Every structure is written in structure tokens, then in C-alpha cells.
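So the structure is just underneath, and the comments pick up after that.
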Amino acid sequence: MWLAIFAGSLGCFMLKLVGLSLPRKVVEVPRVKHTADLLPVALLTALIATQTFTSGRHLQLDARAVGLVAAVVAVRLRAPFLVVVAVACLVTALLRLAT
Amino acid sequence: MAGADADDGSDVSWTPIRTGILRDALGVGIATGAYGLSFGAISTAAGLSVVQTCVLSLVMFTGGSQFAMVGVIGGGGAALTGAATGILLGVRNSFYAVRLARLLDVHGWRRPVAAQLVIDESTAMAVMRTTPRAGRLAFWATGASVYVCWNLATLIGALSAHAFSDPRVLGLDAAAPAAFLALMAPRLRSREPWVVALVAATVALVSVPFVPAGVPVLFAAAVAVIAGVRPVAGSRPVAGSRPDPGSRPDAGFRPDAGFRPDAGAPPAPASAGEGGA
């Protein structure tokens with residue numbers, strides 16, 4: 001177990017470090033810049049989608065989806081960050097309680 | 001805080017910005033704590049000891065990978081298989097780091113410190129800022145705040161596993177998507193990021209049943225790469241087969257998409273990230 005913990009952690013750390021260590025010449029190429037600007041948007045949206053609509057390797061529509069809708073509404077109403085998160089959790093939990 | 005560039009903030013307009021960033025960073029840390037609790041609980045339930053759970057949060061420090069690793073172990077898989085899955089999920093941090101490299105421009109001992117703090121939340125907080133100075137502060141403040149909160153929450157969750165063993169009861173599994181949404185919403189002001197976001201989410205979801213955990217999100221990264229390396233202005237996209245309108249590449253994004261004389265070689269940003277594994 002300890003071997004796995006340290007091997008996994010080292011791998012994850014190296015992945016982070018490699019990205020930060022790209023030479024400036026590379027990260028300032030316009031297409032790399034443009035791609036790098038789009039990457040967080042693509043990755044975060046994909047995370048939102050997969051964490052909300054999947055369970056294991058199945059697509060699944062459940063209370064989390066309603067929680068996410070509530071979060072969208074909260075964002076549109078310019079709610080503070082923590083309120084958005086709390087609303088999503090609360091709505092999801094209440095819906096599970098009710099069903 | 002490792003505030004690399006949090007200077008004395010003497011100029012008038014900076015102080016409220018700084019205060020806002022620090023407050024947001026604390027908020028993000030607290031929210032992350034919500035799923036840190038579930039991580040601690042799930043990890044001990046999967047068979048890791050409290051110490052192993054806490055060390056994992058301290059040294060791996062990337063939630064998605066940690067959940068994946070203990071998920072595999074909890075499901076009866078080998079620990080090293082779990083580690084490999086965790087690493088696969090950590091590949092996205094490489095992509096984040098590529099984006100952050102030019103913002104942070106860190107060298108020497110600061111680089112490994114910064115690397116450890118490259119996660120979803122610190123990246124999202126940093127890239128939504130309009131000035132590099134604010135972006136750097138947001139990165140360091142959020143990274144530090146999440147590091148502290150995530151590890152404290154892991155410990156609490158691990159010690160009180162019976163209370164949090166099912167994060168679903170408290171709706172905690174909805175916390176991360178909501179947090180990412182709130183962090184990303186300000187980025188979606190122009191058409192291109194919207195299109196990329198929608199295509200990326202669709203590609204990820206459609207691929208979920210067919211590929212191992214962690215891979216769908218890498219497909220989403222590929223969407224960003226395809227959109228990003230397209231001819232920048234003028235000509236229509238030819239590479240992607242996707243509905244990929246956006247003939248105005250950078251409307252409202254960073255105003256730096258211009259041409260540069262040294263834009264010669266077609267870059268390979270994706271392989272640069274994945275080669276690290």
C-alpha cells in the first residue's frame with residue numbers, strides 16, 4: 001500500500017511539474033497559448049459533466065443533476081461562491097431525502 | 001501563504017482586488033473541505049489506514065486522482081492498479097500546468113512548490129483573473145487555502161468515517177461540480193469557450209461507457225487542443241470534424257492571440273503533457 005501511495009503521488013507530482021517546466025519559448029507560441037487558454041474550460045466542463053451525470057461507467061441522471069441546475073440558477077443570480085456550492089449540496093441532499 | 005507576488009499592495013485599486021481574491025480563495029478552500037471529508041471517509045472505508053489516507057492527501061494532493069485510487073482499492077483492485085488510475089486522472093494537471101507556466105513563470109525552489117499546488121481549483125481561480133498579478137495571487141492563495149483545508153478535512157473525515165461514509169446523504173457529491181461551475185462561469189463570456197465547453201462535455205459523457213476512468217476527461221482535453229491549434233484567423237477550420245464555428249478566435253479572451261514572427265513550428269501541446277507519465 002505504501003508503495004502505491006508514493007508511486008502514485010510521485011507520478012501525479014511529475015505530471016504537474018512537467019507542465020510547469022515547459023520552456024517559455026514553447027508556451028508562448030500563439031497556438032500553444034490559445035490551446036492552453038482553452039484547456040481549463042474544456043477540462044472543468046468535462047469534470048462537471050462526468051461527476052454529475054455518470055456513476056462508474058454508466059450514464060446516470062439523478063439528484064445530482066437537479067443540484068447542478070440549482071447551482072446554475074445560483075450562479076445566474078450572482079450568488080457568492082460558497083452559496084452556490086451549499087445550494088447544490090442542499091438541493092441534492094433534500095431531493096434524495098424526499099425520494 | 002506562499003504569496004509569491006503579494007506585495008504591500010500600496011496602490012489604491014489593488015487592495016480591494018486582493019481582498020476579494022483572498023476571500024474567494026478561502027471560500028474555495030472551505031468548499032473543497034466538503035469533499036475532503038468524504039475523501040477521508042471513503043479512503044478509510046476502502047481499507048487505507050488513517051495515516052495512509054492523510055499522507056495520500058499531503059503528497060498526492062489532487063482530489064480526482066485520490067478518489068480514483070481509493071475507489072479502485074475499495075472495489076478490490078490492486079493498490080498499484082489504483083495508483084496507475086490515479087496517475088491517469090492526474091494527467092489533466094499537466095494541461096493546467098502548461099496554461100499556468102506562462103502566468104506563474106516560477107523558477108528554482110518555487111517551481112516544485114507551485115507544481116504541487118496545480119489542481120482544478122487553483123487553476124480555475126487563476127485563469128479567470130484579468131491581470132497576471134491577480135492571477136498569480138489567486139493561484140497561490142487558492143493553492144495554499146485548499147492545501148490546508150483539504151488536508152484538515154481528510155483527517156477529520158478519516159477519523160469520523162462512520163459519519164461521512166456516504167457523502168451522498170449530505171449531497172457532498174454535488175459540491176465539486178457546483179464549485180467548478182461557479183469558478184468557470186466567468187470564463188464563458190465569448191463564443192469560443194462556450195463551444196469548446198459544450199463539445200468537451202459531450203465528448204466526455206459519450207465516451208464514459210467505453211473507456212477507463214480518467215480517459216473521458218482527456219478526450220475533452222483533445223477537444224481544446226483541436227480548437228486551439230486550428231488556424232488562428234481568417235481561414236475556416238479544416239482539421240476538426242466537429243461543429244466548430246467561432247471564426248473570431250479570441251473575442252473577449254486574452255488579447256494575446258495575435259501573430260508573432262516566431263510562430264513557426266506547429267506545437268504539440270498535448271504530447272508535451274502526456275509525455276510526463
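Letters A, B, ... mark the chains of the C-alpha cells in the order given; residue numbers begin at 1 per chain; ligand numbers begin at 1, in order shown.
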Strand (DSSP E or B) residues, from DSSP on the backbone, in chain A, as a PyMOL selection string: chain A and resi 54-55+58-59
Save out the residues we just selected, N, CA and C atoms, as a PDB file, in the first residue's frame.
```pdb
ATOM      1  N   THR A  54     -22.649  10.718 -14.431  1.00  0.00           N
ATOM      2  CA  THR A  54     -22.221   9.334 -14.544  1.00  0.00           C
ATOM      3  C   THR A  54     -22.077   8.701 -13.169  1.00  0.00           C
ATOM      4  N   SER A  55     -22.159   7.374 -13.192  1.00  0.00           N
ATOM      5  CA  SER A  55     -21.922   6.605 -11.988  1.00  0.00           C
ATOM      6  C   SER A  55     -21.103   5.407 -12.432  1.00  0.00           C
ATOM      7  N   HIS A  58     -21.415   4.150 -16.152  1.00  0.00           N
ATOM      8  CA  HIS A  58     -22.748   4.319 -16.727  1.00  0.00           C
ATOM      9  C   HIS A  58     -23.151   5.783 -16.686  1.00  0.00           C
ATOM     10  N   LEU A  59     -23.930   6.172 -17.668  1.00  0.00           N
ATOM     11  CA  LEU A  59     -24.565   7.484 -17.589  1.00  0.00           C
ATOM     12  C   LEU A  59     -25.731   7.355 -16.608  1.00  0.00           C
TER      13      LEU A  59
END
```
Please report as a Markdown table every residue of chain A lying within 7 Å of chain B, along with the nearest atom pair and their distance in Å (one decimal), using only C-alpha atoms.
```
| residue | atom | partner | partner_atom | distance |
| --- | --- | --- | --- | --- |
| A:Met1 | CA | B:Ala79 | CA | 5.9 |
| A:Ala4 | CA | B:Leu80 | CA | 4.9 |
| A:Ile5 | CA | B:Leu56 | CA | 6.2 |
| A:Ala7 | CA | B:Ala83 | CA | 6.9 |
| A:Gly8 | CA | B:Ala83 | CA | 4.5 |
| A:Ser9 | CA | B:Met60 | CA | 4.2 |
| A:Gly11 | CA | B:Ile87 | CA | 5.8 |
| A:Cys12 | CA | B:Ile87 | CA | 5.4 |
| A:Phe13 | CA | B:Gln116 | CA | 6.2 |
| A:Met14 | CA | B:Gly276 | CA | 6.7 |
| A:Leu15 | CA | B:Ser94 | CA | 5.1 |
| A:Lys16 | CA | B:Ser94 | CA | 4.8 |
| A:Leu17 | CA | B:Ala115 | CA | 5.1 |
| A:Val18 | CA | B:Gly276 | CA | 6.0 |
| A:Gly19 | CA | B:Ala97 | CA | 4.5 |
| A:Leu20 | CA | B:Ala101 | CA | 4.7 |
| A:Arg24 | CA | B:Arg102 | CA | 6.9 |
| A:Val27 | CA | B:Arg102 | CA | 6.4 |
| A:Val29 | CA | B:Ala263 | CA | 5.6 |
| A:Pro30 | CA | B:Ala257 | CA | 5.9 |
| A:Arg31 | CA | B:Val229 | CA | 5.2 |
| A:Val32 | CA | B:Pro269 | CA | 6.1 |
| A:His34 | CA | B:Gly228 | CA | 5.2 |
| A:Thr35 | CA | B:Gly228 | CA | 3.9 |
| A:Ala36 | CA | B:Arg99 | CA | 4.6 |
| A:Asp37 | CA | B:Arg99 | CA | 6.3 |
| A:Leu38 | CA | B:Ala224 | CA | 5.4 |
| A:Leu39 | CA | B:Ala224 | CA | 5.3 |
| A:Pro40 | CA | B:Tyr96 | CA | 6.3 |
| A:Val41 | CA | B:Ala197 | CA | 5.9 |
| A:Ala42 | CA | B:Ala197 | CA | 4.9 |
| A:Leu43 | CA | B:Ala221 | CA | 6.0 |
| A:Leu44 | CA | B:Phe180 | CA | 6.3 |
| A:Thr45 | CA | B:Ala201 | CA | 5.6 |
| A:Ala46 | CA | B:Ala201 | CA | 4.3 |
| A:Leu47 | CA | B:Val217 | CA | 6.7 |
| A:Ile48 | CA | B:Pro177 | CA | 4.5 |
| A:Ala49 | CA | B:Ala201 | CA | 5.7 |
| A:Thr50 | CA | B:Leu205 | CA | 6.0 |
| A:Gln51 | CA | B:Pro177 | CA | 6.5 |
| A:Thr52 | CA | B:Pro177 | CA | 6.7 |
| A:Arg57 | CA | B:Pro209 | CA | 4.8 |
| A:His58 | CA | B:Pro209 | CA | 5.6 |
| A:Arg64 | CA | B:Ala174 | CA | 5.6 |
| A:Gly67 | CA | B:Ala174 | CA | 6.4 |
| A:Leu68 | CA | B:Ala178 | CA | 6.1 |
| A:Ala71 | CA | B:Ala178 | CA | 5.7 |
| A:Val75 | CA | B:Ala182 | CA | 6.2 |
| A:Phe81 | CA | B:Ala182 | CA | 6.2 |
| A:Leu82 | CA | B:Gly27 | CA | 5.9 |
| A:Val84 | CA | B:Ala178 | CA | 6.6 |
| A:Val85 | CA | B:Ala178 | CA | 5.3 |
| A:Ala88 | CA | B:Ala174 | CA | 6.0 |
| A:Cys89 | CA | B:Gly171 | CA | 4.3 |
| A:Leu90 | CA | B:Gly171 | CA | 6.3 |
| A:Thr92 | CA | B:Gly171 | CA | 5.1 |
| A:Ala93 | CA | B:Gly171 | CA | 4.4 |
```
Store the residues of this selection in a file with C-alpha atoms, as a PDB file, in the first residue's frame.
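Listing of again.pdb after writing:
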```pdb
ATOM      1  CA  MET A   1       0.000   0.000   0.000  1.00  0.00           C
ATOM      2  CA  ALA A   4       1.303   2.507  -4.268  1.00  0.00           C
ATOM      3  CA  ILE A   5       0.785   5.709  -2.297  1.00  0.00           C
ATOM      4  CA  ALA A   7       4.385   5.777  -6.643  1.00  0.00           C
ATOM      5  CA  GLY A   8       1.000   7.328  -7.392  1.00  0.00           C
ATOM      6  CA  SER A   9       1.939  10.579  -5.688  1.00  0.00           C
ATOM      7  CA  GLY A  11       3.550  10.226 -10.785  1.00  0.00           C
ATOM      8  CA  CYS A  12       0.979  12.912 -10.094  1.00  0.00           C
ATOM      9  CA  PHE A  13       3.635  15.351  -8.957  1.00  0.00           C
ATOM     10  CA  MET A  14       5.812  14.779 -12.003  1.00  0.00           C
ATOM     11  CA  LEU A  15       2.831  15.387 -14.260  1.00  0.00           C
ATOM     12  CA  LYS A  16       2.287  18.761 -12.618  1.00  0.00           C
ATOM     13  CA  LEU A  17       5.969  19.637 -12.714  1.00  0.00           C
ATOM     14  CA  VAL A  18       6.429  18.721 -16.363  1.00  0.00           C
ATOM     15  CA  GLY A  19       3.703  21.139 -17.424  1.00  0.00           C
ATOM     16  CA  LEU A  20       5.213  23.969 -15.420  1.00  0.00           C
ATOM     17  CA  ARG A  24       8.958  29.806 -22.275  1.00  0.00           C
ATOM     18  CA  VAL A  27       4.398  28.184 -24.048  1.00  0.00           C
ATOM     19  CA  VAL A  29       3.873  30.062 -29.320  1.00  0.00           C
ATOM     20  CA  PRO A  30       0.449  31.536 -30.155  1.00  0.00           C
ATOM     21  CA  ARG A  31      -1.210  28.220 -30.833  1.00  0.00           C
ATOM     22  CA  VAL A  32       0.104  26.729 -27.620  1.00  0.00           C
ATOM     23  CA  HIS A  34      -4.529  29.565 -27.375  1.00  0.00           C
ATOM     24  CA  THR A  35      -4.791  25.863 -26.639  1.00  0.00           C
ATOM     25  CA  ALA A  36      -3.636  26.368 -23.073  1.00  0.00           C
ATOM     26  CA  ASP A  37      -6.287  29.031 -22.594  1.00  0.00           C
ATOM     27  CA  LEU A  38      -8.993  26.637 -23.729  1.00  0.00           C
ATOM     28  CA  LEU A  39      -7.786  23.627 -21.735  1.00  0.00           C
ATOM     29  CA  PRO A  40      -9.102  24.631 -18.292  1.00  0.00           C
ATOM     30  CA  VAL A  41     -12.525  25.380 -19.767  1.00  0.00           C
ATOM     31  CA  ALA A  42     -12.685  22.038 -21.557  1.00  0.00           C
ATOM     32  CA  LEU A  43     -11.382  20.031 -18.597  1.00  0.00           C
ATOM     33  CA  LEU A  44     -13.561  21.664 -15.967  1.00  0.00           C
ATOM     34  CA  THR A  45     -16.705  21.345 -18.064  1.00  0.00           C
ATOM     35  CA  ALA A  46     -15.925  17.704 -18.719  1.00  0.00           C
ATOM     36  CA  LEU A  47     -15.426  17.167 -14.991  1.00  0.00           C
ATOM     37  CA  ILE A  48     -18.732  18.842 -14.220  1.00  0.00           C
ATOM     38  CA  ALA A  49     -20.473  16.655 -16.772  1.00  0.00           C
ATOM     39  CA  THR A  50     -18.899  13.367 -15.736  1.00  0.00           C
ATOM     40  CA  GLN A  51     -19.214  13.987 -11.994  1.00  0.00           C
ATOM     41  CA  THR A  52     -22.857  14.922 -12.382  1.00  0.00           C
ATOM     42  CA  ARG A  57     -19.049   3.723 -16.266  1.00  0.00           C
ATOM     43  CA  HIS A  58     -22.748   4.319 -16.727  1.00  0.00           C
ATOM     44  CA  ARG A  64     -27.040  15.492  -8.642  1.00  0.00           C
ATOM     45  CA  GLY A  67     -28.321  20.087  -7.675  1.00  0.00           C
ATOM     46  CA  LEU A  68     -26.340  21.271 -10.679  1.00  0.00           C
ATOM     47  CA  ALA A  71     -26.112  25.787  -8.899  1.00  0.00           C
ATOM     48  CA  VAL A  75     -24.607  31.498 -10.426  1.00  0.00           C
ATOM     49  CA  PHE A  81     -19.215  31.064  -4.378  1.00  0.00           C
ATOM     50  CA  LEU A  82     -19.930  29.241  -1.128  1.00  0.00           C
ATOM     51  CA  VAL A  84     -23.562  28.199  -4.954  1.00  0.00           C
ATOM     52  CA  VAL A  85     -21.843  25.137  -3.539  1.00  0.00           C
ATOM     53  CA  ALA A  88     -26.155  22.429  -4.825  1.00  0.00           C
ATOM     54  CA  CYS A  89     -25.420  20.161  -1.855  1.00  0.00           C
ATOM     55  CA  LEU A  90     -28.612  21.094  -0.067  1.00  0.00           C
ATOM     56  CA  THR A  92     -29.229  17.243  -3.850  1.00  0.00           C
ATOM     57  CA  ALA A  93     -29.473  16.043  -0.264  1.00  0.00           C
TER      58      ALA A  93
END
```
Got a sec to tell me which of segment 159-217 of chain B DSSP assigns to helix (DSSP H, G or I), as a ChimeraX atom specification? /B:159,161-164,172-187,191-207,215-217
Keeping only C-alpha atoms, take the residues you just selected and write them out as a PDB file, in the first residue's frame.
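Result file follows (result_8.pdb):
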```pdb
ATOM      1  CA  LEU B 159     -11.287   9.868  11.940  1.00  0.00           C
ATOM      2  CA  ALA B 161     -15.625   7.723   8.892  1.00  0.00           C
ATOM      3  CA  HIS B 162     -18.943   6.487  10.182  1.00  0.00           C
ATOM      4  CA  ALA B 163     -20.397   9.995   9.906  1.00  0.00           C
ATOM      5  CA  PHE B 164     -19.329  10.653   6.333  1.00  0.00           C
ATOM      6  CA  LEU B 172     -21.436  16.289  -0.900  1.00  0.00           C
ATOM      7  CA  ASP B 173     -21.011  14.612  -4.269  1.00  0.00           C
ATOM      8  CA  ALA B 174     -22.699  17.671  -5.784  1.00  0.00           C
ATOM      9  CA  ALA B 175     -20.163  20.030  -4.225  1.00  0.00           C
ATOM     10  CA  ALA B 176     -17.326  19.629  -6.705  1.00  0.00           C
ATOM     11  CA  PRO B 177     -19.368  20.102  -9.895  1.00  0.00           C
ATOM     12  CA  ALA B 178     -21.054  23.163  -8.383  1.00  0.00           C
ATOM     13  CA  ALA B 179     -17.702  24.598  -7.333  1.00  0.00           C
ATOM     14  CA  PHE B 180     -16.217  24.054 -10.807  1.00  0.00           C
ATOM     15  CA  LEU B 181     -19.279  25.642 -12.352  1.00  0.00           C
ATOM     16  CA  ALA B 182     -19.054  28.722 -10.157  1.00  0.00           C
ATOM     17  CA  LEU B 183     -15.333  29.030 -10.878  1.00  0.00           C
ATOM     18  CA  MET B 184     -15.680  28.613 -14.591  1.00  0.00           C
ATOM     19  CA  ALA B 185     -18.761  30.690 -15.300  1.00  0.00           C
ATOM     20  CA  PRO B 186     -16.810  33.947 -15.676  1.00  0.00           C
ATOM     21  CA  ARG B 187     -14.721  32.332 -18.419  1.00  0.00           C
ATOM     22  CA  ARG B 191     -18.444  32.158 -28.084  1.00  0.00           C
ATOM     23  CA  GLU B 192     -15.353  30.034 -28.429  1.00  0.00           C
ATOM     24  CA  PRO B 193     -15.051  28.888 -24.830  1.00  0.00           C
ATOM     25  CA  TRP B 194     -18.761  28.095 -24.839  1.00  0.00           C
ATOM     26  CA  VAL B 195     -18.434  25.903 -27.900  1.00  0.00           C
ATOM     27  CA  VAL B 196     -15.341  24.201 -26.527  1.00  0.00           C
ATOM     28  CA  ALA B 197     -17.050  23.659 -23.181  1.00  0.00           C
ATOM     29  CA  LEU B 198     -20.153  22.106 -24.696  1.00  0.00           C
ATOM     30  CA  VAL B 199     -18.276  19.891 -27.119  1.00  0.00           C
ATOM     31  CA  ALA B 200     -15.847  18.826 -24.400  1.00  0.00           C
ATOM     32  CA  ALA B 201     -18.634  17.897 -22.008  1.00  0.00           C
ATOM     33  CA  THR B 202     -20.471  15.959 -24.704  1.00  0.00           C
ATOM     34  CA  VAL B 203     -17.383  14.067 -25.817  1.00  0.00           C
ATOM     35  CA  ALA B 204     -16.535  13.184 -22.221  1.00  0.00           C
ATOM     36  CA  LEU B 205     -20.022  11.935 -21.435  1.00  0.00           C
ATOM     37  CA  VAL B 206     -20.408   9.923 -24.608  1.00  0.00           C
ATOM     38  CA  SER B 207     -17.073   8.190 -24.041  1.00  0.00           C
ATOM     39  CA  VAL B 215      -9.830   8.925 -20.145  1.00  0.00           C
ATOM     40  CA  PRO B 216     -13.068  10.810 -20.927  1.00  0.00           C
ATOM     41  CA  VAL B 217     -11.605  13.973 -19.482  1.00  0.00           C
TER      42      VAL B 217
END
```
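Closest to Leu155 of chain B among B:Ala68, B:Thr19, B:Gly33, B:Gly135 is B:Gly33, based on only C-alpha atoms.
Among A:Ala79, A:Val91, A:Ala86, A:Leu22, the residue with the shortest atom-to-atom distance to Val66 of chain A, counting only C-alpha atoms, is A:Val91.
Here atom CA of Val26 of chain A stands at a distance of 27.9 Å from atom CA of Ala144 of chain B.
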